[in-house]
>>> print(open('upload.txt').read())   # compact mmCIF, C-alpha atoms and all ligand atoms
# COMPACT_ATOMS: atom_id res chain seq x y z
CA MET N 1 216.37 113.98 146.40
CA SER N 2 218.26 111.46 144.35
CA ALA N 3 215.47 109.19 143.19
CA THR N 4 213.66 109.02 139.85
CA SER N 5 210.46 107.16 139.16
CA VAL N 6 209.03 105.78 135.90
CA ILE N 7 205.27 105.22 135.94
CA GLY N 8 202.84 104.12 133.23
CA LEU N 9 199.90 106.51 132.96
CA GLN N 10 197.52 104.30 130.95
CA TRP N 11 196.47 100.63 131.22
CA GLY N 12 200.01 99.21 131.17
CA ASP N 13 202.36 98.24 128.33
CA GLU N 14 203.46 101.86 127.76
CA ALA N 15 207.00 100.66 126.92
CA LYS N 16 208.32 101.69 130.33
CA GLY N 17 211.09 99.09 129.98
CA LYS N 18 212.83 101.16 127.32
CA ILE N 19 212.80 104.32 129.46
CA VAL N 20 213.96 102.44 132.56
CA ASP N 21 216.76 100.90 130.55
CA LEU N 22 217.82 104.31 129.19
CA LEU N 23 217.85 105.86 132.65
CA THR N 24 219.59 102.92 134.29
CA GLU N 25 222.90 104.23 132.96
CA GLU N 26 222.73 107.22 135.30
CA HIS N 27 221.53 105.32 138.40
CA ASP N 28 223.15 103.02 140.95
CA ILE N 29 220.07 101.05 141.96
CA VAL N 30 216.91 100.00 140.09
CA VAL N 31 213.88 99.02 142.17
CA ARG N 32 210.78 96.94 141.33
CA TYR N 33 208.21 97.61 144.04
CA GLN N 34 204.78 96.15 143.08
CA GLY N 35 203.14 93.51 140.89
CA GLY N 36 204.71 90.22 139.94
CA ASN N 37 205.25 88.19 136.80
CA ASN N 38 202.01 89.58 135.39
CA ALA N 39 204.20 92.45 134.16
CA GLY N 40 206.26 92.25 131.01
CA HIS N 41 209.07 94.56 129.95
CA THR N 42 210.86 94.31 126.65
CA VAL N 43 214.28 95.92 126.36
CA GLN N 44 216.20 95.97 123.09
CA PHE N 45 219.82 96.87 122.61
CA GLY N 46 222.87 95.68 120.75
CA GLY N 47 220.66 93.66 118.42
CA GLN N 48 219.34 91.60 121.35
CA THR N 49 215.84 91.49 122.83
CA TYR N 50 215.37 90.86 126.55
CA LYS N 51 211.97 90.09 128.03
CA LEU N 52 211.81 90.87 131.72
CA SER N 53 208.91 90.12 133.98
CA LEU N 54 209.97 90.07 137.63
CA LEU N 55 213.55 91.28 137.46
CA PRO N 56 214.27 95.02 137.37
CA ALA N 57 215.81 96.28 134.13
CA GLY N 58 219.01 97.10 136.08
CA ILE N 59 219.85 93.42 135.86
CA LEU N 60 221.04 94.04 132.29
CA ARG N 61 223.69 96.60 133.35
CA PRO N 62 226.83 95.48 135.15
CA GLY N 63 227.47 97.52 138.29
CA VAL N 64 223.83 98.47 138.83
CA THR N 65 222.10 96.87 141.82
CA SER N 66 218.63 95.44 141.19
CA VAL N 67 216.24 95.44 144.14
CA VAL N 68 212.90 93.64 144.38
CA THR N 69 211.07 95.09 147.37
CA GLY N 70 208.34 93.90 149.73
CA GLY N 71 205.43 95.12 147.61
CA VAL N 72 206.23 92.61 144.85
CA VAL N 73 204.73 89.10 144.81
CA ILE N 74 207.33 86.56 143.73
CA ASN N 75 206.80 83.32 141.88
CA PRO N 76 210.18 81.71 142.66
CA ARG N 77 210.08 79.40 139.67
CA ALA N 78 209.43 82.28 137.25
CA PHE N 79 212.04 84.39 139.01
CA LEU N 80 214.74 81.72 138.72
CA GLU N 81 213.89 80.96 135.09
CA GLU N 82 214.29 84.61 134.25
CA LEU N 83 217.51 84.89 136.22
CA ASP N 84 218.95 81.77 134.58
CA GLY N 85 218.02 83.12 131.14
CA ILE N 86 219.96 86.34 131.78
CA THR N 87 222.89 84.63 133.48
CA SER N 88 223.31 82.29 130.50
CA ARG N 89 223.56 85.30 128.16
CA ASN N 90 225.30 87.91 130.33
CA GLY N 91 227.20 85.96 133.00
CA ASP N 92 226.77 85.94 136.76
CA VAL N 93 224.58 88.64 138.31
CA ASP N 94 224.57 87.37 141.90
CA GLN N 95 226.15 90.26 143.74
CA ASP N 96 223.89 92.81 142.03
CA LEU N 97 220.52 91.47 143.14
CA LEU N 98 218.56 91.87 146.37
CA ILE N 99 215.12 90.46 147.22
CA SER N 100 213.03 91.67 150.14
CA ASN N 101 212.31 89.27 152.98
CA ARG N 102 208.90 91.03 153.16
CA ALA N 103 207.86 90.10 149.59
CA HIS N 104 205.06 87.53 149.41
CA VAL N 105 205.50 84.22 147.60
CA VAL N 106 203.23 82.95 144.81
CA PHE N 107 202.40 79.22 145.16
CA PRO N 108 200.54 76.77 142.88
CA TRP N 109 197.37 77.25 144.94
CA HIS N 110 197.25 80.88 143.86
CA MET N 111 197.08 79.91 140.19
CA ALA N 112 194.57 77.12 140.93
CA GLU N 113 192.26 79.47 142.86
CA GLU N 114 192.51 82.19 140.23
CA ALA N 115 191.60 79.73 137.45
CA VAL N 116 188.42 78.70 139.30
CA LEU N 117 187.46 82.27 140.20
CA GLU N 118 187.97 83.65 136.69
CA LYS N 119 186.03 80.73 135.17
CA GLY N 120 183.22 81.37 137.66
CA ARG N 121 182.86 84.98 136.49
CA GLY N 122 181.99 83.80 132.96
CA GLY N 123 181.51 86.79 130.65
CA ASP N 124 182.45 89.16 133.51
CA ALA N 125 185.93 87.67 133.87
CA ILE N 126 188.58 90.27 134.69
CA GLY N 127 190.80 88.74 132.02
CA THR N 128 193.74 88.38 134.39
CA THR N 129 197.14 87.06 133.34
CA MET N 130 196.43 83.88 135.37
CA ARG N 131 199.74 84.17 137.21
CA GLY N 132 198.18 83.94 140.70
CA ILE N 133 198.96 87.58 141.40
CA GLY N 134 195.55 88.70 142.70
CA THR N 135 195.08 85.58 144.82
CA CYS N 136 198.54 86.03 146.35
CA TYR N 137 197.81 89.67 147.25
CA ARG N 138 194.46 88.51 148.66
CA ASP N 139 196.25 86.08 150.97
CA LYS N 140 198.62 88.89 151.97
CA ALA N 141 195.64 91.05 152.99
CA GLY N 142 194.04 88.00 154.68
CA ARG N 143 197.30 87.36 156.58
CA THR N 144 196.43 83.86 157.88
CA HIS N 145 197.65 81.80 154.89
CA ALA N 146 200.43 83.93 153.45
CA VAL N 147 204.12 83.03 153.08
CA ARG N 148 206.78 85.71 152.70
CA MET N 149 210.27 85.35 151.26
CA GLY N 150 211.62 85.54 154.81
CA ASP N 151 209.53 82.41 155.66
CA LEU N 152 210.44 80.62 152.43
CA VAL N 153 214.14 80.64 153.24
CA LYS N 154 213.64 79.03 156.67
CA PRO N 155 213.79 75.29 155.91
CA GLU N 156 213.06 74.31 159.54
CA SER N 157 209.52 75.76 159.48
CA LEU N 158 208.62 75.71 155.76
CA ARG N 159 207.31 72.11 155.63
CA GLU N 160 204.83 72.71 158.46
CA ARG N 161 203.75 76.04 156.99
CA VAL N 162 203.13 74.61 153.51
CA THR N 163 201.26 71.60 154.96
CA THR N 164 198.89 73.82 156.97
CA VAL N 165 198.18 76.14 154.06
CA VAL N 166 197.65 73.27 151.60
CA GLN N 167 195.09 71.63 153.93
CA HIS N 168 193.14 74.88 153.98
CA LYS N 169 193.50 75.53 150.25
CA ASN N 170 192.36 72.00 149.34
CA ARG N 171 189.16 72.59 151.32
CA VAL N 172 188.62 75.94 149.57
CA LEU N 173 189.33 74.54 146.09
CA ALA N 174 187.05 71.53 146.62
CA ALA N 175 184.24 73.87 147.69
CA LEU N 176 184.77 76.16 144.69
CA ASP N 177 185.14 73.33 142.19
CA PRO N 178 184.35 69.73 143.27
CA GLU N 179 186.34 68.44 140.29
CA SER N 180 189.57 70.18 141.30
CA VAL N 181 192.61 67.96 141.85
CA PRO N 182 193.90 68.27 145.45
CA LEU N 183 197.33 69.84 145.86
CA ASP N 184 200.18 67.69 147.20
CA ALA N 185 201.79 69.49 150.15
CA GLU N 186 204.94 67.37 150.22
CA ALA N 187 205.62 67.82 146.48
CA ILE N 188 205.15 71.60 146.80
CA PHE N 189 207.42 71.68 149.85
CA GLN N 190 210.16 69.76 147.99
CA GLU N 191 209.92 71.99 144.93
CA TYR N 192 209.89 75.24 146.92
CA SER N 193 212.76 74.09 149.19
CA GLU N 194 214.94 73.91 146.11
CA TYR N 195 213.92 77.41 145.04
CA ALA N 196 214.51 78.65 148.59
CA ALA N 197 218.04 77.26 148.66
CA ARG N 198 218.88 79.11 145.44
CA LEU N 199 217.18 82.38 146.38
CA ALA N 200 218.34 82.57 150.02
CA PRO N 201 221.62 84.41 149.24
CA PHE N 202 219.66 87.32 147.72
CA VAL N 203 217.04 87.67 150.46
CA THR N 204 217.51 90.60 152.80
CA ASP N 205 215.84 93.65 154.35
CA THR N 206 215.68 95.81 151.21
CA THR N 207 213.88 98.65 153.00
CA SER N 208 216.82 99.22 155.27
CA HIS N 209 219.23 98.81 152.34
CA LEU N 210 217.41 101.52 150.35
CA HIS N 211 217.26 103.91 153.32
CA LYS N 212 221.02 103.60 153.77
CA ALA N 213 221.69 103.90 150.03
CA LEU N 214 219.64 107.10 149.77
CA ALA N 215 221.33 108.55 152.84
CA ALA N 216 224.68 107.82 151.16
CA GLY N 217 223.55 109.73 148.05
CA LYS N 218 223.06 106.72 145.78
CA ARG N 219 220.91 107.39 142.72
CA VAL N 220 217.82 105.20 142.85
CA LEU N 221 215.42 104.49 139.98
CA PHE N 222 211.92 103.16 140.70
CA GLU N 223 210.45 101.03 137.95
CA GLY N 224 206.65 100.89 137.94
CA ALA N 225 204.85 97.86 136.55
CA GLN N 226 201.44 97.94 134.82
CA GLY N 227 199.84 101.41 134.57
CA SER N 228 198.06 104.00 136.70
CA LEU N 229 194.59 103.08 135.37
CA LEU N 230 195.09 99.48 136.56
CA ASP N 231 195.73 100.70 140.14
CA LEU N 232 193.71 98.67 142.65
CA ASP N 233 192.46 101.74 144.52
CA HIS N 234 192.35 104.38 141.81
CA GLY N 235 191.91 102.47 138.54
CA THR N 236 188.93 101.07 136.65
CA PHE N 237 187.85 98.71 139.43
CA PRO N 238 187.24 95.74 139.26
CA PHE N 239 189.08 95.58 135.91
CA VAL N 240 192.37 96.44 137.58
CA THR N 241 195.39 94.62 138.88
CA SER N 242 195.73 93.82 142.58
CA SER N 243 198.48 96.27 143.54
CA ASN N 244 198.97 100.04 143.53
CA SER N 245 200.33 100.46 140.04
CA SER N 246 200.12 104.28 140.07
CA GLY N 247 202.71 106.41 141.87
CA ALA N 248 200.78 105.56 145.05
CA GLY N 249 202.55 102.20 145.18
CA ILE N 250 206.11 103.48 145.46
CA HIS N 251 206.00 104.30 149.14
CA SER N 252 203.93 101.32 150.26
CA GLY N 253 205.79 98.87 148.02
CA SER N 254 209.35 99.93 148.79
CA GLY N 255 209.24 101.67 152.16
CA VAL N 256 210.86 104.75 150.59
CA PRO N 257 208.86 107.93 151.23
CA GLU N 258 207.68 109.82 148.18
CA ARG N 259 209.54 112.98 149.13
CA GLU N 260 212.75 111.18 148.14
CA ILE N 261 211.61 111.24 144.51
CA GLY N 262 212.97 114.22 142.65
CA ARG N 263 211.72 113.33 139.20
CA MET N 264 208.54 111.45 138.33
CA ILE N 265 208.37 110.49 134.65
CA GLY N 266 204.96 109.52 133.28
CA VAL N 267 205.20 107.12 130.33
CA VAL N 268 202.42 107.20 127.73
CA LYS N 269 201.85 105.56 124.41
CA ALA N 270 201.00 107.91 121.53
CA TYR N 271 197.71 105.96 121.42
CA THR N 272 195.96 103.69 123.94
CA THR N 273 195.96 99.94 124.53
CA ARG N 274 194.34 97.68 127.05
CA VAL N 275 194.51 93.91 127.69
CA GLY N 276 191.75 92.04 129.46
CA GLY N 277 188.24 93.27 130.21
CA GLY N 278 186.85 96.65 131.23
CA PRO N 279 185.59 99.84 129.56
CA PHE N 280 187.79 101.61 127.01
CA PRO N 281 186.10 104.73 125.60
CA THR N 282 188.47 105.34 122.66
CA GLU N 283 188.70 101.69 121.56
CA LEU N 284 188.82 101.19 117.77
CA ASP N 285 187.11 97.99 116.81
CA ASP N 286 187.86 98.54 113.12
CA GLU N 287 190.64 98.48 110.55
CA ILE N 288 192.42 101.46 112.16
CA GLY N 289 192.54 99.55 115.47
CA GLN N 290 193.94 96.54 113.62
CA HIS N 291 196.45 98.78 111.80
CA ILE N 292 197.72 100.12 115.15
CA ARG N 293 197.89 96.55 116.54
CA ASP N 294 199.94 95.40 113.55
CA GLU N 295 202.24 98.44 113.37
CA GLY N 296 202.81 98.48 117.14
CA ASN N 297 203.02 94.69 117.47
CA GLU N 298 200.38 95.01 120.17
CA TYR N 299 200.36 91.49 121.54
CA GLY N 300 200.93 90.79 125.25
CA THR N 301 204.52 90.14 126.38
CA VAL N 302 203.30 87.80 129.11
CA THR N 303 200.21 86.11 127.65
CA GLY N 304 200.53 86.81 123.92
CA ARG N 305 196.92 88.12 123.87
CA PRO N 306 196.10 90.70 121.17
CA ARG N 307 195.84 94.08 122.90
CA ARG N 308 192.77 96.24 122.40
CA CYS N 309 193.83 99.43 120.61
CA GLY N 310 192.36 102.92 120.37
CA TRP N 311 193.06 106.66 120.09
CA PHE N 312 195.01 108.58 122.71
CA ASP N 313 192.66 109.33 125.61
CA ALA N 314 193.72 112.55 127.31
CA VAL N 315 190.93 112.30 129.92
CA ALA N 316 192.14 108.90 131.15
CA THR N 317 195.84 109.73 130.78
CA GLY N 318 195.44 113.15 132.42
CA TYR N 319 193.82 111.42 135.38
CA GLY N 320 196.73 108.92 135.47
CA ALA N 321 199.19 111.85 135.40
CA ARG N 322 197.46 113.64 138.30
CA LEU N 323 197.26 110.41 140.32
CA SER N 324 200.97 109.82 139.98
CA GLY N 325 202.01 113.49 140.17
CA VAL N 326 204.28 113.46 137.15
CA ASP N 327 206.86 116.14 136.31
CA CYS N 328 207.09 115.26 132.63
CA LEU N 329 206.02 112.77 129.98
CA ALA N 330 207.77 110.22 127.81
CA VAL N 331 205.67 109.73 124.65
CA MET N 332 206.30 106.27 123.27
CA LEU N 333 205.66 104.51 119.94
CA LEU N 334 205.01 107.72 118.01
CA ASP N 335 206.29 105.98 114.84
CA VAL N 336 203.37 103.51 115.01
CA LEU N 337 201.01 106.31 113.90
CA SER N 338 203.19 107.41 110.96
CA LYS N 339 201.12 105.89 108.16
CA LEU N 340 197.78 107.38 109.22
CA GLU N 341 196.25 110.22 107.21
CA GLN N 342 194.62 111.72 110.28
CA ILE N 343 194.81 111.00 113.97
CA ASP N 344 192.15 111.54 116.63
CA VAL N 345 192.76 112.50 120.25
CA CYS N 346 190.07 112.27 122.92
CA GLU N 347 189.93 115.62 124.73
CA ALA N 348 186.75 115.09 126.78
CA TYR N 349 183.96 112.60 127.43
CA GLU N 350 180.29 113.10 126.89
CA ILE N 351 178.39 111.14 129.52
CA ASP N 352 174.57 111.18 129.52
CA GLY N 353 174.66 114.39 127.44
CA GLU N 354 177.16 116.18 129.74
CA ARG N 355 180.68 117.06 128.61
CA THR N 356 183.39 116.36 131.18
CA THR N 357 187.15 115.96 131.54
CA ASP N 358 186.77 114.11 134.86
CA PHE N 359 187.54 110.40 134.80
CA PRO N 360 184.56 108.49 136.28
CA ALA N 361 185.04 106.26 139.34
CA GLN N 362 182.33 103.80 138.28
CA ILE N 363 182.95 101.55 135.29
CA GLU N 364 179.25 101.72 134.34
CA GLU N 365 179.63 105.48 133.87
CA LEU N 366 182.92 105.07 132.01
CA GLY N 367 181.19 102.50 129.81
CA ARG N 368 178.67 105.18 128.77
CA ALA N 369 181.37 107.75 128.00
CA GLN N 370 181.43 108.90 124.37
CA PRO N 371 184.83 110.28 123.41
CA VAL N 372 184.88 113.88 122.19
CA LEU N 373 187.56 113.68 119.51
CA ARG N 374 189.87 116.32 118.10
CA THR N 375 191.13 115.35 114.64
CA LEU N 376 194.71 116.18 113.73
CA PRO N 377 196.53 115.69 110.44
CA GLY N 378 198.92 112.75 110.22
CA TRP N 379 202.51 113.14 108.92
CA GLN N 380 202.87 110.05 106.70
CA VAL N 381 206.67 110.12 106.80
CA ASP N 382 209.00 107.56 108.36
CA ILE N 383 210.25 109.13 111.61
CA THR N 384 212.24 106.18 112.98
CA GLY N 385 215.55 107.84 112.08
CA VAL N 386 214.74 111.20 113.71
CA ARG N 387 216.82 112.08 116.80
CA ARG N 388 215.97 115.78 117.36
CA LEU N 389 212.57 117.29 118.04
CA GLU N 390 213.08 119.97 115.40
CA ASP N 391 213.62 117.27 112.76
CA LEU N 392 210.17 115.76 113.28
CA PRO N 393 207.51 116.69 110.69
CA PRO N 394 205.45 119.71 111.89
CA GLU N 395 202.33 117.51 112.18
CA ALA N 396 204.13 115.12 114.54
CA ARG N 397 205.36 118.05 116.66
CA ALA N 398 201.86 119.48 116.74
CA TYR N 399 200.55 116.09 117.87
CA ILE N 400 203.04 115.98 120.77
CA ASP N 401 202.09 119.53 121.75
CA VAL N 402 198.40 118.57 121.90
CA VAL N 403 199.17 115.50 124.05
CA SER N 404 201.25 117.65 126.39
CA GLU N 405 198.64 120.42 126.62
CA LEU N 406 195.71 118.06 127.25
CA VAL N 407 197.53 115.88 129.79
CA GLY N 408 199.01 118.92 131.50
CA ALA N 409 202.70 117.99 131.58
CA PRO N 410 205.73 118.81 129.40
CA VAL N 411 207.18 116.14 127.11
CA ASP N 412 210.82 115.31 127.91
CA ILE N 413 211.26 112.17 125.82
CA VAL N 414 209.80 110.96 122.51
CA SER N 415 210.38 107.40 121.33
CA VAL N 416 210.36 106.68 117.60
CA GLY N 417 211.38 103.01 117.57
CA PRO N 418 212.16 100.09 119.88
CA ASP N 419 215.94 100.53 120.05
CA ARG N 420 217.71 102.58 122.74
CA GLU N 421 219.04 104.85 120.00
CA GLN N 422 215.60 105.63 118.56
CA THR N 423 214.90 108.25 121.18
CA ILE N 424 214.48 112.03 121.12
CA LEU N 425 215.52 113.81 124.31
CA VAL N 426 213.74 117.15 124.44
CA ASP N 427 215.80 120.08 125.58
CA ARG N 428 213.32 122.30 127.43
CA ASP N 429 215.81 125.05 128.35
P1 LIG N 501 196.31 90.46 136.93
O1 LIG N 501 197.28 91.54 137.22
O2 LIG N 501 196.94 89.22 136.33
O3 LIG N 501 195.44 90.13 138.13
O4 LIG N 501 195.28 90.98 135.81
C1 LIG N 501 194.36 92.03 136.07
C2 LIG N 501 194.26 92.97 134.87
O5 LIG N 501 195.46 93.68 134.73
C3 LIG N 501 194.02 92.24 133.53
O6 LIG N 501 193.22 93.08 132.72
C4 LIG N 501 195.41 92.16 132.96
O7 LIG N 501 195.40 92.06 131.54
C5 LIG N 501 195.99 93.50 133.42
N1 LIG N 501 197.45 93.49 133.51
C6 LIG N 501 198.21 92.91 134.46
N2 LIG N 501 199.51 93.12 134.22
C7 LIG N 501 199.57 93.87 133.11
C8 LIG N 501 200.65 94.45 132.37
O8 LIG N 501 201.83 94.35 132.70
N3 LIG N 501 200.28 95.17 131.27
C9 LIG N 501 198.99 95.34 130.88
N4 LIG N 501 197.97 94.82 131.55
C10 LIG N 501 198.25 94.10 132.65
>>> encode(input="upload.txt", output="structure tokens")
Amino acid sequence: MSATSVIGLQWGDEAKGKIVDLLTEEHDIVVRYQGGNNAGHTVQFGGQTYKLSLLPAGILRPGVTSVVTGGVVINPRAFLEELDGITSRNGDVDQDLLISNRAHVVFPWHMAEEAVLEKGRGGDAIGTTMRGIGTCYRDKAGRTHAVRMGDLVKPESLRERVTTVVQHKNRVLAALDPESVPLDAEAIFQEYSEYAARLAPFVTDTTSHLHKALAAGKRVLFEGAQGSLLDLDHGTFPFVTSSNSSGAGIHSGSGVPEREIGRMIGVVKAYTTRVGGGPFPTELDDEIGQHIRDEGNEYGTVTGRPRRCGWFDAVATGYGARLSGVDCLAVMLLDVLSKLEQIDVCEAYEIDGERTTDFPAQIEELGRAQPVLRTLPGWQVDITGVRRLEDLPPEARAYIDVVSELVGAPVDIVSVGPDREQTILVDRD
């Protein structure tokens, strides 16, 4: 078993990018397997900040192959913009990048449909990133009007395919919103033909490539996007994303069976954040919430929206950990809590007078959940320079122990700042 997986256990934005970047050094291949450019990863090193959305973090390391598998939905324009941004700073990355011919393509009609659908939900809007991700996955499940990367790179049939789909989409959009501007099939075909010509050299059967690589003993790192609680099947439906963003998505998204994964790392923030709508039992709609937002710079990488902030929720995160089957935790952004006098952790919910540590399936029930909080003393010391667990203030160590105990997994990594160096690797032996 030579594969490692990095999965967010909350509602996304757990700073997985930093952990993936750290681990990339000891891997040959980094794989993105679900989601699209709704995801945002920030990686900082050498005084530079890189914002990645569709490209795996391996793209920043020479000699590491980056693979985007069939479970990802690809907006070719966004993909190429990101690639060009990295190439202009780091040089050519061509030979190190593979894109699955099974991955589905995001087109302008996906954004147009999503805009109408979200507007139509009014106050019940999901609060999506408006990147056409859900509508693209919907077309994938619908099968009749979907285009995969393997189709995109076939110029002989692409014009006809785009024309047929646009005719259908224009009828749908006109029915949903009579004021919508019809899409121009020929203009879309021309634009996407140019993307296709540039992307064609990367497009291949990544499933087969990964099977062979694993058989040859290559070390593969799977990079999850979003978080387990946004999982389409297991998250806080309908306030979820449209892919399997828990560990469940690795197999379906990449074609690599889960038994290949020897180490599953669950990434958690030392507190909780959420973007978009949906219940959030430990949300802090007060000055402490604002303090966490300011200290943690909790504004969306993709949309810039302020993130909702709250205390660490061990019920929700424990559920995320069990869903994904994690071996250990990486606790991120611990330094963000450093100025607080005391810190609360949610250890159970009280729902309709009953105490529980089960995470409800229905959002109405989750919406009624009152957090049962355990209050811990803060440390009020700058910890950004600490590199060994034993050098952390006792209160900070106690906090990590409580997180570990309540979530039910050991802590292997603690992050105390955005830089690669600001990391504590816990020696459990
Ligand atoms: P979508 O993925 O754009 O359809 O958005 C659905 C929900 O998932 C919204 O609440 C988004 O804010 C949330 N979401 C999608 N991607 C991310 C992410 O990378 N981090 C955090 N939330 C996300």
>>> atom_distance(input="upload.txt", atom1="CA of Ser254 in chain N", atom2="CA of Ala213 in chain N")
13.0 Å
>>> closest_residue(input="upload.txt", among="N:Ala314, N:Ile292, N:Ile424, N:Val268", to="Gln10 in chain N", atoms="all atoms listed in the file")
N:Val268
>>> residues_near_point(input="upload.txt", point="(193.5, 94.6, 129.8)", cutoff="7 Å", atoms="all atoms listed in the file", output="MDAnalysis selection string")
chainID N and resid 11 127 274:277
>>> closest_atom_pairs(input="upload.txt", of="chain N", to="ligand LIG 501 (chain N)", cutoff="7 Å", atoms="all atoms listed in the file", output="CSV")
residue,atom,partner,partner_atom,distance
N:Trp11,CA,N:LIG501,C9,5.9
N:Gly12,CA,N:LIG501,C9,4.0
N:Asp13,CA,N:LIG501,N3,4.7
N:Asn38,CA,N:LIG501,N2,4.5
N:Ala39,CA,N:LIG501,O8,3.4
N:Gly40,CA,N:LIG501,O8,5.2
N:Ile126,CA,N:LIG501,O6,5.8
N:Gly127,CA,N:LIG501,C3,5.0
N:Thr128,CA,N:LIG501,O4,3.3
N:Thr129,CA,N:LIG501,O2,3.7
N:Met130,CA,N:LIG501,O2,5.4
N:Arg131,CA,N:LIG501,O2,5.8
N:Gly132,CA,N:LIG501,O2,7.0
N:Ile133,CA,N:LIG501,O3,5.4
N:Gly134,CA,N:LIG501,O3,4.8
N:Ala225,CA,N:LIG501,O8,6.0
N:Gln226,CA,N:LIG501,O8,4.2
N:Leu230,CA,N:LIG501,O5,6.1
N:Phe239,CA,N:LIG501,O6,5.8
N:Val240,CA,N:LIG501,C2,4.8
N:Thr241,CA,N:LIG501,C1,4.0
N:Ser242,CA,N:LIG501,O3,5.8
N:Arg274,CA,N:LIG501,N4,6.5
N:Val275,CA,N:LIG501,O7,4.4
N:Gly276,CA,N:LIG501,O6,3.7
N:Gly277,CA,N:LIG501,O6,5.6
>>> closest_residue(input="upload.txt", among="N:Glu191, N:Glu350, N:Glu118, N:Asp21", to="Pro76 in chain N", atoms="only C-alpha atoms")
N:Glu191
>>> closest_residue(input="upload.txt", among="N:Gln34, N:Ser243, N:Ser100, N:Ser2", to="Ala200 in chain N", atoms="all atoms listed in the file")
N:Ser100
>>> residues_around(input="upload.txt", residues="Glu156 in chain N", least_positions_apart="4", cutoff="12 Å", atoms="all atoms listed in the file", output="PyMOL selection string")
chain N and resi 151-152+160-162+189+193+196
>>> residues_around(input="upload.txt", residues="range 279-283 of chain N", least_positions_apart="5", cutoff="8 Å", atoms="all atoms listed in the file", output="NGL selection string")
:N and (236 or 272 or 274 or 289 or 308-313 or 346 or 363 or 366-367 or 369-371)
>>> closest_residue(input="upload.txt", among="N:Asn101, N:Ser157, N:Asn75, N:Ser66", to="Tyr195 in chain N", atoms="all atoms listed in the file")
N:Asn75
>>> closest_residue(input="upload.txt", among="N:Glu287, N:Pro257, N:Pro393, N:Gly278", to="Glu365 in chain N", atoms="all atoms listed in the file")
N:Gly278
>>> residues_around(input="upload.txt", residues="Glu421 in chain N", least_positions_apart="3", cutoff="10 Å", atoms="all atoms listed in the file", output="ChimeraX atom specification")
/N:22,44-46,384-387,415-418,424
>>> residues_around(input="upload.txt", residues="Val72 in chain N", least_positions_apart="2", cutoff="9 Å", atoms="all atoms listed in the file", output="list in words")
Arg32, Tyr33, Gln34, Gly35, Gly36, Leu54, Val68, Thr69, Gly70, Ile74, Ser100, Arg102, Ala103, His104, Val105, Ser243, Gly253 and Ser254 of chain N
>>> residues_near_point(input="upload.txt", point="(208.7, 121.5, 128.4)", cutoff="6 Å", atoms="all atoms listed in the file", output="tab-separated table (two decimals) with C-alpha atoms, keeping the file's coordinate frame")
chain	number	residue	atom	x	y	z
N	410	PRO	CA	205.73	118.81	129.40
N	411	VAL	CA	207.18	116.14	127.11
N	428	ARG	CA	213.32	122.30	127.43
>>> axis_aligned_box(input="upload.txt", around="range 176-195 of chain N", padding_each_side="4 Å", output="lines of an AutoDock Vina configuration file")
center_x = 199.6
center_y = 72.4
center_z = 145.3
size_x = 38.6
size_y = 18.0
size_z = 17.9
>>> residues_around(input="upload.txt", residues="Lys269 in chain N", least_positions_apart="4", cutoff="6 Å", atoms="all atoms listed in the file", output="PyMOL selection string")
chain N and resi 14+331-333
>>> closest_residue(input="upload.txt", among="N:Leu83, N:Ala216, N:Ala125, N:Val381", to="Pro394 in chain N", atoms="only C-alpha atoms")
N:Val381
>>> build_atoms(input="upload.txt", residues="range 169-175 of chain N", atoms="N, CA, C and O atoms", output="short mmCIF file (atom, residue, chain, number, x, y, z; two decimals), in the coordinates of the input")
data_model
loop_
_atom_site.label_atom_id
_atom_site.label_comp_id
_atom_site.auth_asym_id
_atom_site.auth_seq_id
_atom_site.Cartn_x
_atom_site.Cartn_y
_atom_site.Cartn_z
N LYS N 169 193.77 75.22 151.66
CA LYS N 169 193.50 75.53 150.25
C LYS N 169 192.75 74.38 149.57
O LYS N 169 191.89 74.61 148.71
N ASN N 170 193.08 73.13 149.95
CA ASN N 170 192.36 72.00 149.34
C ASN N 170 190.88 72.03 149.70
O ASN N 170 190.02 71.70 148.88
N ARG N 171 190.58 72.47 150.92
CA ARG N 171 189.16 72.59 151.32
C ARG N 171 188.48 73.69 150.49
O ARG N 171 187.38 73.53 149.98
N VAL N 172 189.18 74.81 150.33
CA VAL N 172 188.62 75.94 149.57
C VAL N 172 188.40 75.53 148.10
O VAL N 172 187.33 75.75 147.52
N LEU N 173 189.43 74.90 147.52
CA LEU N 173 189.33 74.54 146.09
C LEU N 173 188.23 73.51 145.85
O LEU N 173 187.49 73.60 144.87
N ALA N 174 188.09 72.56 146.78
CA ALA N 174 187.05 71.53 146.62
C ALA N 174 185.67 72.18 146.70
O ALA N 174 184.75 71.78 145.98
N ALA N 175 185.54 73.20 147.57
CA ALA N 175 184.24 73.87 147.69
C ALA N 175 183.94 74.69 146.44
O ALA N 175 182.81 74.76 145.98
#
